[in-house]
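Data from my_file26.txt: compact mmCIF, C-alpha atoms and all ligand atoms
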```txt
# COMPACT_ATOMS: atom_id res chain seq x y z
CA MET A 81 101.08 103.94 133.12
CA ALA A 82 100.17 104.83 129.54
CA ILE A 83 97.24 103.57 127.52
CA ILE A 84 98.58 100.91 125.15
CA LEU A 85 97.27 101.56 121.66
CA ASP A 86 96.88 97.94 120.59
CA GLY A 87 97.02 97.63 116.81
CA ASN A 88 96.15 93.92 116.83
CA ASP A 89 92.85 94.42 118.67
CA LEU A 90 91.91 97.45 116.58
CA SER A 91 92.80 95.58 113.38
CA GLN A 92 90.51 92.71 114.33
CA GLU A 93 87.70 95.17 114.99
CA ILE A 94 88.15 96.95 111.65
CA ARG A 95 88.57 93.69 109.72
CA SER A 96 85.27 92.41 111.17
CA GLU A 97 83.59 95.66 110.10
CA LEU A 98 85.07 95.35 106.58
CA LYS A 99 83.92 91.75 106.30
CA LEU A 100 80.38 92.71 107.34
CA GLU A 101 80.35 95.64 104.93
CA LEU A 102 81.52 93.43 102.10
CA ASN A 103 78.95 90.72 102.83
CA LYS A 104 76.23 93.37 102.92
CA LEU A 105 77.20 94.78 99.50
CA LEU A 106 78.32 91.60 97.73
CA ALA A 107 74.91 90.17 96.66
CA ASN A 108 75.80 88.31 93.43
CA LYS A 109 78.66 90.57 92.38
CA ARG A 110 82.18 89.24 91.90
CA SER A 111 84.40 89.43 95.02
CA PRO A 112 87.07 92.16 95.33
CA LYS A 113 90.43 91.11 93.94
CA LEU A 114 93.96 92.23 94.81
CA SER A 115 96.84 91.40 92.46
CA VAL A 116 100.24 91.28 94.13
CA ILE A 117 103.56 91.35 92.29
CA LEU A 118 106.62 90.01 94.06
CA VAL A 119 109.96 90.31 92.28
CA GLY A 120 112.76 88.05 93.51
CA ASP A 121 112.95 85.93 96.64
CA ASP A 122 113.73 88.35 99.46
CA PRO A 123 112.58 86.41 102.57
CA ALA A 124 111.13 89.45 104.39
CA SER A 125 109.10 90.47 101.30
CA SER A 126 107.82 86.90 100.90
CA VAL A 127 106.61 86.93 104.54
CA TYR A 128 104.88 90.31 104.03
CA VAL A 129 103.13 89.01 100.90
CA ARG A 130 101.97 85.82 102.65
CA ASN A 131 100.58 87.89 105.55
CA LYS A 132 98.71 90.12 103.10
CA GLU A 133 97.29 87.11 101.23
CA LYS A 134 96.03 85.58 104.49
CA ALA A 135 94.51 88.84 105.73
CA CYS A 136 92.71 89.33 102.38
CA SER A 137 91.32 85.83 102.40
CA ASP A 138 90.00 86.29 105.98
CA VAL A 139 87.78 89.22 104.93
CA GLY A 140 86.73 87.82 101.53
CA ILE A 141 89.19 89.49 99.13
CA ILE A 142 90.61 87.22 96.41
CA THR A 143 94.36 87.53 95.86
CA GLU A 144 96.51 86.52 92.95
CA THR A 145 100.29 86.71 93.39
CA PHE A 146 102.73 86.97 90.48
CA ASN A 147 106.21 85.76 91.45
CA LEU A 148 108.71 87.25 89.02
CA GLU A 149 112.36 86.21 88.85
CA SER A 150 114.81 88.65 90.44
CA THR A 151 116.37 89.01 86.98
CA SER A 152 113.08 90.17 85.38
CA SER A 153 113.38 93.41 83.46
CA GLU A 154 111.65 96.67 84.30
CA GLN A 155 109.80 96.37 80.98
CA GLU A 156 108.42 92.91 81.85
CA LEU A 157 107.22 94.21 85.20
CA ILE A 158 105.56 97.28 83.66
CA GLN A 159 103.89 95.11 81.00
CA LEU A 160 102.38 92.96 83.74
CA VAL A 161 101.16 96.10 85.56
CA HIS A 162 99.57 97.35 82.32
CA SER A 163 97.71 94.07 81.81
CA LEU A 164 96.35 94.28 85.38
CA ASN A 165 95.44 97.96 84.86
CA THR A 166 93.01 96.98 82.09
CA ASN A 167 91.71 93.76 83.69
CA PRO A 168 88.15 94.58 84.84
CA ASN A 169 88.28 91.84 87.50
CA VAL A 170 91.21 93.43 89.35
CA ASP A 171 90.44 96.11 91.96
CA GLY A 172 93.88 96.61 93.47
CA ILE A 173 97.49 96.29 92.29
CA LEU A 174 100.28 96.01 94.83
CA VAL A 175 103.91 95.88 93.80
CA GLN A 176 105.85 94.64 96.82
CA LEU A 177 108.77 96.99 97.54
CA PRO A 178 111.73 97.16 97.55
CA LEU A 179 112.44 96.11 93.97
CA PRO A 180 115.83 94.81 92.74
CA ASP A 181 118.35 97.59 92.08
CA HIS A 182 118.18 97.34 88.27
CA ILE A 183 114.47 98.30 88.30
CA ASN A 184 113.44 101.94 88.65
CA GLU A 185 110.83 101.92 91.44
CA ILE A 186 109.38 105.30 90.45
CA GLN A 187 108.74 104.18 86.84
CA VAL A 188 106.94 101.08 88.11
CA ILE A 189 104.80 103.00 90.62
CA ASN A 190 103.92 105.55 87.93
CA SER A 191 102.73 102.75 85.63
CA ILE A 192 99.96 101.65 88.05
CA ASN A 193 96.46 102.86 87.20
CA PRO A 194 95.77 105.37 90.05
CA SER A 195 92.25 104.00 90.47
CA LYS A 196 93.77 100.59 91.37
CA ASP A 197 96.67 102.01 93.43
CA VAL A 198 95.49 100.62 96.78
CA ASP A 199 98.91 101.38 98.31
CA GLY A 200 98.21 105.08 97.63
CA ILE A 201 101.73 105.77 96.36
CA HIS A 202 101.06 106.88 92.77
CA PRO A 203 101.75 110.62 92.30
CA PHE A 204 98.09 111.19 91.40
CA ASN A 205 96.95 109.81 94.74
CA LEU A 206 99.67 111.64 96.66
CA GLY A 207 98.64 114.84 94.83
CA GLN A 208 94.98 114.31 95.74
CA LEU A 209 96.08 113.91 99.37
CA VAL A 210 98.05 117.17 99.27
CA GLN A 211 95.00 118.91 97.77
CA GLY A 212 92.94 117.67 100.71
CA ASN A 213 90.78 115.41 98.55
CA PRO A 214 92.34 111.96 99.04
CA ILE A 215 91.12 108.81 97.29
CA PHE A 216 93.61 106.12 98.30
CA VAL A 217 95.78 107.15 101.25
CA PRO A 218 99.02 105.15 101.79
CA CYS A 219 98.30 102.30 104.19
CA THR A 220 100.66 103.11 107.09
CA PRO A 221 99.57 106.78 107.40
CA LEU A 222 95.90 105.81 107.12
CA GLY A 223 96.43 103.17 109.82
CA ILE A 224 98.07 105.74 112.12
CA GLN A 225 95.16 108.15 111.66
CA GLN A 226 92.69 105.36 112.45
CA ILE A 227 94.61 104.48 115.64
CA LEU A 228 94.29 108.10 116.78
CA ILE A 229 90.63 108.53 115.77
CA ARG A 230 89.39 105.25 117.16
CA ASN A 231 91.16 105.75 120.47
CA ASN A 232 89.61 109.23 120.78
CA ILE A 233 92.99 110.97 120.77
CA GLU A 234 92.26 114.57 119.88
CA ILE A 235 94.19 115.73 116.81
CA SER A 236 92.61 119.10 116.04
CA GLY A 237 94.88 121.99 117.02
CA LYS A 238 97.50 119.64 118.49
CA ARG A 239 101.20 119.90 117.77
CA VAL A 240 102.18 116.78 115.80
CA VAL A 241 105.89 116.13 115.30
CA ILE A 242 106.88 113.54 112.69
CA CYS A 243 110.43 112.19 112.69
CA GLY A 244 111.09 110.92 109.15
CA ARG A 245 110.25 112.32 105.70
CA SER A 246 109.82 109.19 103.55
CA ASN A 247 107.30 109.14 100.70
CA ILE A 248 105.41 106.20 102.24
CA VAL A 249 105.18 107.38 105.87
CA GLY A 250 106.54 110.80 106.89
CA LYS A 251 105.28 113.01 104.05
CA PRO A 252 101.82 111.44 103.63
CA ILE A 253 101.03 111.29 107.37
CA ALA A 254 102.00 114.97 107.59
CA ASN A 255 99.57 115.85 104.78
CA LEU A 256 96.83 113.66 106.19
CA LEU A 257 96.88 115.23 109.65
CA LEU A 258 97.24 118.71 108.15
CA GLN A 259 93.94 118.48 106.27
CA ARG A 260 90.82 120.31 107.38
CA GLY A 261 88.20 118.28 109.17
CA ASN A 262 87.72 115.27 111.40
CA GLY A 263 90.78 113.29 112.37
CA ALA A 264 93.05 116.13 111.20
CA ASP A 265 93.50 119.91 111.67
CA ALA A 266 96.85 119.37 113.40
CA THR A 267 99.81 121.73 113.47
CA VAL A 268 102.48 119.59 111.86
CA THR A 269 106.28 119.66 112.00
CA ILE A 270 108.37 117.21 109.95
CA CYS A 271 111.92 116.41 111.09
CA HIS A 272 114.72 114.49 109.39
CA SER A 273 118.41 113.73 109.72
CA ARG A 274 119.40 117.37 109.02
CA THR A 275 116.97 118.87 111.53
CA ARG A 276 118.68 121.12 114.06
CA GLU A 277 117.70 121.00 117.73
CA LEU A 278 115.62 117.88 117.18
CA ALA A 279 115.29 117.23 120.92
CA SER A 280 113.66 120.59 121.60
CA ILE A 281 111.14 120.03 118.77
CA ILE A 282 110.31 116.52 120.00
CA ALA A 283 109.78 117.91 123.51
CA GLU A 284 106.92 120.09 122.19
CA ALA A 285 105.00 117.26 120.52
CA ASP A 286 101.48 116.50 121.76
CA ILE A 287 101.57 113.62 119.27
CA LEU A 288 104.96 112.23 118.28
CA ILE A 289 105.22 109.98 115.21
CA ALA A 290 108.58 108.22 115.00
CA ALA A 291 109.39 106.83 111.53
CA MET A 292 113.16 106.94 111.30
CA GLY A 293 114.35 103.34 111.34
CA GLN A 294 116.63 104.13 114.32
CA PRO A 295 116.20 101.55 117.09
CA ASN A 296 115.18 102.97 120.51
CA PHE A 297 116.16 106.50 119.43
CA ILE A 298 113.43 108.34 121.37
CA THR A 299 113.91 107.99 125.11
CA GLY A 300 111.72 108.85 128.12
CA ASN A 301 113.52 112.12 128.91
CA MET A 302 112.83 113.45 125.36
CA VAL A 303 109.04 113.22 125.22
CA LYS A 304 106.44 115.70 126.45
CA PRO A 305 104.62 114.40 129.55
CA GLN A 306 101.10 113.15 128.74
CA SER A 307 101.79 113.10 125.00
CA THR A 308 100.77 110.34 122.57
CA ILE A 309 103.53 108.32 120.92
CA ILE A 310 103.10 106.49 117.61
CA ASP A 311 106.08 104.24 116.93
CA VAL A 312 106.28 103.29 113.25
CA GLY A 313 109.82 101.89 113.37
CA ILE A 314 110.47 98.20 112.85
CA ASN A 315 114.10 97.36 113.59
CA ARG A 316 115.81 94.00 114.09
CA MET A 317 118.08 93.77 117.14
CA ASP A 318 120.35 90.76 117.69
CA ASP A 319 119.00 88.67 120.54
CA PRO A 320 120.66 85.30 121.12
CA THR A 321 117.96 84.39 123.69
CA ARG A 322 115.39 84.24 120.86
CA LYS A 323 115.11 81.18 118.66
CA ARG A 324 115.31 83.29 115.50
CA GLY A 325 118.31 85.23 116.86
CA TYR A 326 116.74 88.67 116.86
CA ARG A 327 113.81 90.68 118.21
CA LEU A 328 111.88 93.59 116.76
CA VAL A 329 112.09 97.00 118.39
CA GLY A 330 110.67 100.36 117.43
CA ASP A 331 112.26 103.79 117.10
CA VAL A 332 111.01 104.53 120.60
CA ASP A 333 112.65 103.12 123.73
CA TYR A 334 109.35 101.75 125.01
CA ALA A 335 110.56 100.88 128.54
CA SER A 336 111.77 104.39 129.35
CA VAL A 337 108.88 106.19 127.61
CA VAL A 338 105.83 104.21 128.69
CA ASP A 339 105.56 105.73 132.18
CA ASN A 340 105.92 109.33 130.97
CA VAL A 341 103.19 109.53 128.34
CA PHE A 342 99.42 109.37 127.91
CA ALA A 343 99.34 106.67 125.22
CA ILE A 344 101.79 104.66 123.13
CA THR A 345 101.79 102.05 120.35
CA PRO A 346 103.83 98.90 121.04
CA VAL A 347 106.28 97.30 118.58
CA PRO A 348 105.36 94.77 117.40
CA GLY A 349 101.55 94.92 117.53
CA GLY A 350 100.96 98.64 117.00
CA VAL A 351 101.17 100.31 113.60
CA GLY A 352 102.26 97.12 111.73
CA PRO A 353 98.93 95.22 111.78
CA MET A 354 97.04 98.42 110.97
CA THR A 355 99.07 98.84 107.77
CA ILE A 356 97.78 95.51 106.41
CA THR A 357 94.25 96.31 107.59
CA MET A 358 94.29 99.55 105.61
CA LEU A 359 95.34 97.60 102.50
CA LEU A 360 92.14 95.56 102.94
CA ASN A 361 90.22 98.81 103.49
CA ASN A 362 91.62 100.37 100.31
CA THR A 363 90.97 97.25 98.19
CA ILE A 364 87.35 97.11 99.32
CA LYS A 365 87.09 100.87 98.75
CA SER A 366 88.31 100.38 95.18
CA TRP A 367 85.80 97.56 94.59
CA ILE A 368 83.00 99.79 95.97
CA ARG A 369 84.03 102.60 93.57
CA THR A 370 84.22 100.22 90.58
CA ASN A 371 80.75 98.90 91.31
CA ASN A 372 79.30 102.41 91.93
CA LEU A 373 78.16 101.39 95.40
CA SER A 374 78.11 103.44 98.55
CA GLY A 375 79.79 101.84 101.53
CA ASN A 376 81.72 102.62 104.69
CA THR A 377 85.51 102.58 104.49
CA ALA A 378 88.22 104.86 105.87
N1 LIG A 401 104.82 99.60 110.82
C1 LIG A 401 104.77 99.63 109.49
O1 LIG A 401 103.81 99.16 108.89
C2 LIG A 401 105.87 100.29 108.73
C3 LIG A 401 105.67 100.75 107.42
C4 LIG A 401 106.72 101.42 106.78
C5 LIG A 401 107.93 101.59 107.43
N2 LIG A 401 108.09 101.09 108.69
C6 LIG A 401 109.34 101.29 109.46
O2 LIG A 401 109.42 102.67 109.76
C7 LIG A 401 110.79 103.08 109.76
C8 LIG A 401 110.94 104.21 108.76
O3 LIG A 401 110.72 103.73 107.47
P1 LIG A 401 110.49 104.69 106.20
O4 LIG A 401 110.51 103.83 105.00
O5 LIG A 401 109.36 105.62 106.46
O6 LIG A 401 111.75 105.66 106.29
P2 LIG A 401 113.15 105.70 105.48
O7 LIG A 401 112.89 105.82 104.03
O8 LIG A 401 114.03 104.64 106.02
O9 LIG A 401 113.64 107.13 106.01
C9 LIG A 401 113.95 107.37 107.34
C10 LIG A 401 113.69 108.82 107.65
O10 LIG A 401 114.12 109.08 108.97
C11 LIG A 401 115.01 110.18 108.96
N3 LIG A 401 116.03 109.95 109.98
C12 LIG A 401 116.94 108.95 110.04
N4 LIG A 401 117.74 109.11 111.11
C13 LIG A 401 117.32 110.21 111.74
C14 LIG A 401 117.76 110.90 112.90
N5 LIG A 401 118.78 110.47 113.63
N6 LIG A 401 117.11 112.03 113.26
C15 LIG A 401 116.05 112.48 112.53
N7 LIG A 401 115.60 111.88 111.41
C16 LIG A 401 116.24 110.76 111.03
C17 LIG A 401 115.63 110.20 107.58
O11 LIG A 401 116.08 111.50 107.29
P3 LIG A 401 116.73 111.89 105.85
O12 LIG A 401 115.54 112.01 104.92
O13 LIG A 401 117.40 113.18 106.09
O14 LIG A 401 117.63 110.77 105.47
C18 LIG A 401 114.45 109.77 106.73
O15 LIG A 401 113.62 110.87 106.40
C19 LIG A 401 111.59 101.83 109.43
O16 LIG A 401 111.97 101.22 110.66
C20 LIG A 401 110.59 100.94 108.72
O17 LIG A 401 110.90 99.58 108.86
C21 LIG A 401 107.09 100.47 109.36
```
Whole structure given in structure tokens:
Amino acid sequence: MAIILDGNDLSQEIRSELKLELNKLLANKRSPKLSVILVGDDPASSVYVRNKEKACSDVGIITETFNLESTSSEQELIQLVHSLNTNPNVDGILVQLPLPDHINEIQVINSINPSKDVDGIHPFNLGQLVQGNPIFVPCTPLGIQQILIRNNIEISGKRVVICGRSNIVGKPIANLLLQRGNGADATVTICHSRTRELASIIAEADILIAAMGQPNFITGNMVKPQSTIIDVGINRMDDPTRKRGYRLVGDVDYASVVDNVFAITPVPGGVGPMTITMLLNNTIKSWIRTNNLSGNTA
């Protein structure tokens, strides 16, 4: 039976550490502040934003959420971002994605001041990551690296296979684990929907990171025995036995994989909670940088 890499427990541990760190450094300074922009009324996005607000408040980060109409223009949104960029009391700016179709996501991301880009998705921050000198690392990749490090899963020299090449997960986690130094030094392969002989590549993975959005795609006969499996996927499957009519499953068929591997993240309760925890980490990191303090964050 595999070790279950529990993201809820680890998140609680890291959040307690962040809270302690913040209390130690706070003295009579202003508290860290995260500004969140939510455009429209997509129910899933609203739930994500509420979860982020609650998690921030639990560790002592102030949040301020701007709810813009779904009909708001790109210009209005960028103007709001600019005003937050120059507000000295704001440490982090988070634009909840996806945005309505009439707004160009790239233009909006590019308008965020990179030193407040706690989601780590501005090209400056992605470029720093590629150079091996990251400032803000995107939250899901940073959370995955923390799961591996804090569970003592060796990364150095290991063959890491990533299924998925998105800008928020696949590409940044590849660059993060490819860096020199602790918690990295992996040999990385990125796969996508055009990859040939995917099964034979997956079978070689010491660490497999599945971020495809394909429910239960990876099955027990595909994985390398004694490997570590990180399941990033969050997929809704109809389930009439549940009150809400669906359940969440990952990209990995947990039931058939769990007995064949060394360690695995569950869905839900694996990578998901770590993503929010790394947002807290990055916001506190930004506040530490603004105040010229030295403190411990990932
Ligand atoms: N736990 C969390 O906090 C968290 C955070 C972010 C995302 N997610 C979840 O992670 C999953 C991926 O999201 P994302 O935004 O990173 O990805 P995305 O933008 O949806 O892209 C999916 C990637 O998977 C590749 N792919 C799709 N089908 C494939 C197949 N059959 N074989 C190989 N590759 C395939 C695609 O290849 P092409 O590029 O060729 O199309 C693409 O690169 C989703 O379920 C999402 O909900 C979870």
Give as a PDB file with C-alpha atoms, keeping the file's coordinate frame the residues surrounding ligand LIG 401 (chain A) up to a distance of 10 Å, considering all atoms listed in the file.
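Output file out.pdb follows:
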```pdb
ATOM      1  CA  PRO A 218      99.020 105.150 101.790  1.00  0.00           C
ATOM      2  CA  CYS A 219      98.300 102.300 104.190  1.00  0.00           C
ATOM      3  CA  THR A 220     100.660 103.110 107.090  1.00  0.00           C
ATOM      4  CA  PRO A 221      99.570 106.780 107.400  1.00  0.00           C
ATOM      5  CA  GLY A 223      96.430 103.170 109.820  1.00  0.00           C
ATOM      6  CA  ILE A 224      98.070 105.740 112.120  1.00  0.00           C
ATOM      7  CA  ILE A 242     106.880 113.540 112.690  1.00  0.00           C
ATOM      8  CA  CYS A 243     110.430 112.190 112.690  1.00  0.00           C
ATOM      9  CA  GLY A 244     111.090 110.920 109.150  1.00  0.00           C
ATOM     10  CA  ARG A 245     110.250 112.320 105.700  1.00  0.00           C
ATOM     11  CA  SER A 246     109.820 109.190 103.550  1.00  0.00           C
ATOM     12  CA  ASN A 247     107.300 109.140 100.700  1.00  0.00           C
ATOM     13  CA  ILE A 248     105.410 106.200 102.240  1.00  0.00           C
ATOM     14  CA  VAL A 249     105.180 107.380 105.870  1.00  0.00           C
ATOM     15  CA  GLY A 250     106.540 110.800 106.890  1.00  0.00           C
ATOM     16  CA  LYS A 251     105.280 113.010 104.050  1.00  0.00           C
ATOM     17  CA  PRO A 252     101.820 111.440 103.630  1.00  0.00           C
ATOM     18  CA  ILE A 270     108.370 117.210 109.950  1.00  0.00           C
ATOM     19  CA  CYS A 271     111.920 116.410 111.090  1.00  0.00           C
ATOM     20  CA  HIS A 272     114.720 114.490 109.390  1.00  0.00           C
ATOM     21  CA  SER A 273     118.410 113.730 109.720  1.00  0.00           C
ATOM     22  CA  ARG A 274     119.400 117.370 109.020  1.00  0.00           C
ATOM     23  CA  THR A 275     116.970 118.870 111.530  1.00  0.00           C
ATOM     24  CA  ARG A 276     118.680 121.120 114.060  1.00  0.00           C
ATOM     25  CA  LEU A 278     115.620 117.880 117.180  1.00  0.00           C
ATOM     26  CA  ALA A 279     115.290 117.230 120.920  1.00  0.00           C
ATOM     27  CA  ALA A 290     108.580 108.220 115.000  1.00  0.00           C
ATOM     28  CA  ALA A 291     109.390 106.830 111.530  1.00  0.00           C
ATOM     29  CA  MET A 292     113.160 106.940 111.300  1.00  0.00           C
ATOM     30  CA  GLY A 293     114.350 103.340 111.340  1.00  0.00           C
ATOM     31  CA  GLN A 294     116.630 104.130 114.320  1.00  0.00           C
ATOM     32  CA  PRO A 295     116.200 101.550 117.090  1.00  0.00           C
ATOM     33  CA  PHE A 297     116.160 106.500 119.430  1.00  0.00           C
ATOM     34  CA  ILE A 298     113.430 108.340 121.370  1.00  0.00           C
ATOM     35  CA  ILE A 310     103.100 106.490 117.610  1.00  0.00           C
ATOM     36  CA  ASP A 311     106.080 104.240 116.930  1.00  0.00           C
ATOM     37  CA  VAL A 312     106.280 103.290 113.250  1.00  0.00           C
ATOM     38  CA  GLY A 313     109.820 101.890 113.370  1.00  0.00           C
ATOM     39  CA  ILE A 314     110.470  98.200 112.850  1.00  0.00           C
ATOM     40  CA  ASN A 315     114.100  97.360 113.590  1.00  0.00           C
ATOM     41  CA  ARG A 316     115.810  94.000 114.090  1.00  0.00           C
ATOM     42  CA  LEU A 328     111.880  93.590 116.760  1.00  0.00           C
ATOM     43  CA  VAL A 329     112.090  97.000 118.390  1.00  0.00           C
ATOM     44  CA  GLY A 330     110.670 100.360 117.430  1.00  0.00           C
ATOM     45  CA  ASP A 331     112.260 103.790 117.100  1.00  0.00           C
ATOM     46  CA  VAL A 347     106.280  97.300 118.580  1.00  0.00           C
ATOM     47  CA  PRO A 348     105.360  94.770 117.400  1.00  0.00           C
ATOM     48  CA  GLY A 349     101.550  94.920 117.530  1.00  0.00           C
ATOM     49  CA  GLY A 350     100.960  98.640 117.000  1.00  0.00           C
ATOM     50  CA  VAL A 351     101.170 100.310 113.600  1.00  0.00           C
ATOM     51  CA  GLY A 352     102.260  97.120 111.730  1.00  0.00           C
ATOM     52  CA  PRO A 353      98.930  95.220 111.780  1.00  0.00           C
ATOM     53  CA  MET A 354      97.040  98.420 110.970  1.00  0.00           C
ATOM     54  CA  THR A 355      99.070  98.840 107.770  1.00  0.00           C
ATOM     55  CA  ILE A 356      97.780  95.510 106.410  1.00  0.00           C
TER      56      ILE A 356
END
```
Within 8 Å of Leu258 (chain A) using all atoms listed in the file, minus same-chain residues under 4 positions, as a PyMOL selection string: chain A and resi 254+264-268
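For the choices A:Thr308, A:Gln176, A:Ser91, A:Ser374, the atom-to-atom distance to Arg130 (chain A) is smallest for A:Gln176 when using only C-alpha atoms.
Coordinates place CA of Lys134 (chain A) at a distance of 24.5 Å from CA of Pro194 (chain A).
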Which of A:Met358, A:Ile281, A:Met81, A:Leu160 sits closest to Val337 (chain A) [using all atoms listed in the file]: A:Met81
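Between CA of Thr345 (chain A) and CA of Ser96 (chain A) there is a distance of 21.2 Å.
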As a PDB file with C-alpha atoms, in the coordinates of the input, please: the residues near Tyr326 (chain A) (cut-off 7 Å, only C-alpha atoms, same-chain neighbours under 4 positions excluded).
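Generated file (out.pdb):
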```pdb
ATOM      1  CA  ARG A 316     115.810  94.000 114.090  1.00  0.00           C
ATOM      2  CA  MET A 317     118.080  93.770 117.140  1.00  0.00           C
ATOM      3  CA  ASP A 318     120.350  90.760 117.690  1.00  0.00           C
ATOM      4  CA  ASP A 319     119.000  88.670 120.540  1.00  0.00           C
ATOM      5  CA  PRO A 320     120.660  85.300 121.120  1.00  0.00           C
ATOM      6  CA  ARG A 322     115.390  84.240 120.860  1.00  0.00           C
TER       7      ARG A 322
END
```
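Atom pair CA of Pro203 (chain A) / CA of Ile368 (chain A) has a distance of 22.0 Å (rounded to one decimal).
Candidate residues A:Leu209, A:Ile84, A:Val303, A:Ala107 were compared for distance to Leu373 (chain A), and the nearest is A:Ala107, using all atoms listed in the file.
Using all atoms listed in the file, the shortest contact distance between Val341 (chain A) and any of A:Thr151, A:Leu105, A:Glu93, A:Ala82 is found at A:Ala82.
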